[in-house]
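Encoded as structure tokens, the structure appears first; notes follow it.
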Amino acid sequence: MNLITNDISKAVRRKRADLCLSKKDVCEEINISFKTYYKIEIGGLEVKNNVYQKITQWLAKDY
């Protein structure tokens with residue numbers, strides 16, 4: 001399990017806003033459930049290793 005820090009959470013929200021994507025669009029793009037995405041936006045929670053990997057790869061893409 002990996003911790004979603006507040007910095008990661010903030011980066012996800014900022015990238016979503018920069019790309020003008022809905023939460024649903026981000027879930028589909030990253031291939032995670034809406035419930036998991038909700039946890040990520042809150043931050044300070046643990047997620048599975050594969051979800052953490054998907055999030056970090058999405059953040060690194062296009063930046």
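The chains in the structure tokens are called A, B, ... from first to last as shown; in each chain the residues are counted from 1, and the ligands are counted from 1 in the order shown.
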Find the residues near Val12 of chain A: any atom within 12 Å, counting only C-alpha atoms, skip ones fewer than 3 places away on the same chain, and give them as an NGL selection string. :A and (4-9 or 15-19 or 21-23 or 26-27 or 30 or 37-43 or 52 or 54-61)
Which of these residues is nearest to Asn31 of chain A, using only C-alpha atoms: A:Leu3, A:Ala11, A:Asp62, A:Asn50? A:Asn50
Go through A:Gln53, A:Lys48, A:Cys20, A:Thr36 one by one, measure the shortest atom-to-atom distance of each to Met1 of chain A using only C-alpha atoms, and give the residue with the smallest value. A:Lys48
Taking the backbone alone, and naming residues the way the document does, which bits of chain A are helix (DSSP H, G or I) by DSSP, as a PyMOL selection string? chain A and resi 6-18+23-30+34-42+49-60
Those residues you just picked out, can you put them in a file as a tab-separated table (two decimals), in the first residue's frame with N, CA and C atoms?
```
chain	number	residue	atom	x	y	z
A	6	ASN	N	-0.79	14.78	0.41
A	6	ASN	CA	-1.57	15.97	0.05
A	6	ASN	C	-1.01	16.62	-1.21
A	7	ASP	N	0.30	16.53	-1.42
A	7	ASP	CA	0.91	17.09	-2.63
A	7	ASP	C	0.45	16.34	-3.88
A	8	ILE	N	0.39	15.03	-3.80
A	8	ILE	CA	-0.09	14.22	-4.94
A	8	ILE	C	-1.55	14.54	-5.20
A	9	SER	N	-2.33	14.60	-4.15
A	9	SER	CA	-3.75	14.91	-4.27
A	9	SER	C	-3.95	16.27	-4.94
A	10	LYS	N	-3.18	17.24	-4.52
A	10	LYS	CA	-3.26	18.58	-5.10
A	10	LYS	C	-2.87	18.57	-6.58
A	11	ALA	N	-1.83	17.80	-6.91
A	11	ALA	CA	-1.37	17.71	-8.30
A	11	ALA	C	-2.44	17.07	-9.18
A	12	VAL	N	-3.13	16.06	-8.68
A	12	VAL	CA	-4.19	15.40	-9.45
A	12	VAL	C	-5.32	16.39	-9.70
A	13	ARG	N	-5.74	17.11	-8.66
A	13	ARG	CA	-6.82	18.09	-8.83
A	13	ARG	C	-6.42	19.19	-9.79
A	14	ARG	N	-5.17	19.64	-9.70
A	14	ARG	CA	-4.70	20.71	-10.58
A	14	ARG	C	-4.65	20.25	-12.03
A	15	LYS	N	-4.15	19.03	-12.27
A	15	LYS	CA	-4.07	18.54	-13.66
A	15	LYS	C	-5.47	18.35	-14.23
A	16	ARG	N	-6.39	17.86	-13.41
A	16	ARG	CA	-7.77	17.68	-13.87
A	16	ARG	C	-8.36	19.03	-14.27
A	17	ALA	N	-8.10	20.04	-13.48
A	17	ALA	CA	-8.61	21.38	-13.78
A	17	ALA	C	-7.93	21.96	-15.03
A	18	ASP	N	-6.62	21.77	-15.15
A	18	ASP	CA	-5.89	22.28	-16.31
A	18	ASP	C	-6.40	21.68	-17.61
A	23	LYS	N	-14.50	14.45	-13.21
A	23	LYS	CA	-13.97	13.35	-12.38
A	23	LYS	C	-14.16	12.02	-13.10
A	24	LYS	N	-15.30	11.88	-13.75
A	24	LYS	CA	-15.59	10.64	-14.47
A	24	LYS	C	-14.59	10.43	-15.60
A	25	ASP	N	-14.25	11.51	-16.32
A	25	ASP	CA	-13.27	11.42	-17.41
A	25	ASP	C	-11.91	10.97	-16.89
A	26	VAL	N	-11.51	11.51	-15.75
A	26	VAL	CA	-10.22	11.13	-15.17
A	26	VAL	C	-10.23	9.67	-14.77
A	27	CYS	N	-11.32	9.23	-14.17
A	27	CYS	CA	-11.43	7.82	-13.77
A	27	CYS	C	-11.27	6.89	-14.97
A	28	GLU	N	-11.91	7.25	-16.07
A	28	GLU	CA	-11.82	6.44	-17.28
A	28	GLU	C	-10.42	6.49	-17.87
A	29	GLU	N	-9.80	7.67	-17.85
A	29	GLU	CA	-8.47	7.82	-18.41
A	29	GLU	C	-7.43	7.04	-17.61
A	30	ILE	N	-7.56	7.07	-16.29
A	30	ILE	CA	-6.60	6.37	-15.42
A	30	ILE	C	-6.97	4.90	-15.27
A	34	PHE	N	-14.57	5.34	-9.44
A	34	PHE	CA	-14.87	6.66	-8.92
A	34	PHE	C	-14.59	6.73	-7.43
A	35	LYS	N	-14.89	5.67	-6.71
A	35	LYS	CA	-14.65	5.62	-5.27
A	35	LYS	C	-13.16	5.78	-4.96
A	36	THR	N	-12.32	5.11	-5.74
A	36	THR	CA	-10.88	5.22	-5.56
A	36	THR	C	-10.41	6.63	-5.88
A	37	TYR	N	-10.95	7.20	-6.95
A	37	TYR	CA	-10.58	8.58	-7.30
A	37	TYR	C	-10.96	9.55	-6.20
A	38	TYR	N	-12.11	9.34	-5.60
A	38	TYR	CA	-12.55	10.19	-4.49
A	38	TYR	C	-11.52	10.15	-3.35
A	39	LYS	N	-11.02	8.97	-3.04
A	39	LYS	CA	-10.00	8.82	-2.00
A	39	LYS	C	-8.74	9.59	-2.38
A	40	ILE	N	-8.39	9.55	-3.64
A	40	ILE	CA	-7.18	10.22	-4.11
A	40	ILE	C	-7.33	11.73	-3.97
A	41	GLU	N	-8.47	12.26	-4.31
A	41	GLU	CA	-8.68	13.71	-4.20
A	41	GLU	C	-8.66	14.18	-2.75
A	42	ILE	N	-9.08	13.35	-1.84
A	42	ILE	CA	-9.05	13.71	-0.42
A	42	ILE	C	-7.59	13.75	0.06
A	49	ASN	N	-0.78	-0.60	-4.66
A	49	ASN	CA	0.40	-0.25	-5.43
A	49	ASN	C	0.09	0.03	-6.90
A	50	ASN	N	-0.79	-0.79	-7.50
A	50	ASN	CA	-1.10	-0.58	-8.92
A	50	ASN	C	-1.86	0.72	-9.15
A	51	VAL	N	-2.69	1.14	-8.21
A	51	VAL	CA	-3.41	2.41	-8.33
A	51	VAL	C	-2.42	3.56	-8.20
A	52	TYR	N	-1.51	3.45	-7.25
A	52	TYR	CA	-0.49	4.49	-7.06
A	52	TYR	C	0.34	4.65	-8.33
A	53	GLN	N	0.68	3.53	-8.94
A	53	GLN	CA	1.46	3.55	-10.17
A	53	GLN	C	0.68	4.23	-11.30
A	54	LYS	N	-0.61	3.92	-11.42
A	54	LYS	CA	-1.44	4.54	-12.45
A	54	LYS	C	-1.52	6.05	-12.25
A	55	ILE	N	-1.68	6.48	-11.01
A	55	ILE	CA	-1.78	7.91	-10.70
A	55	ILE	C	-0.49	8.63	-11.06
A	56	THR	N	0.64	8.09	-10.63
A	56	THR	CA	1.91	8.77	-10.88
A	56	THR	C	2.23	8.79	-12.37
A	57	GLN	N	1.89	7.73	-13.09
A	57	GLN	CA	2.12	7.72	-14.55
A	57	GLN	C	1.23	8.76	-15.23
A	58	TRP	N	-0.01	8.90	-14.79
A	58	TRP	CA	-0.92	9.88	-15.37
A	58	TRP	C	-0.42	11.29	-15.09
A	59	LEU	N	0.08	11.52	-13.88
A	59	LEU	CA	0.60	12.84	-13.55
A	59	LEU	C	1.83	13.19	-14.39
A	60	ALA	N	2.68	12.22	-14.63
A	60	ALA	CA	3.92	12.46	-15.40
A	60	ALA	C	3.63	12.64	-16.88
```
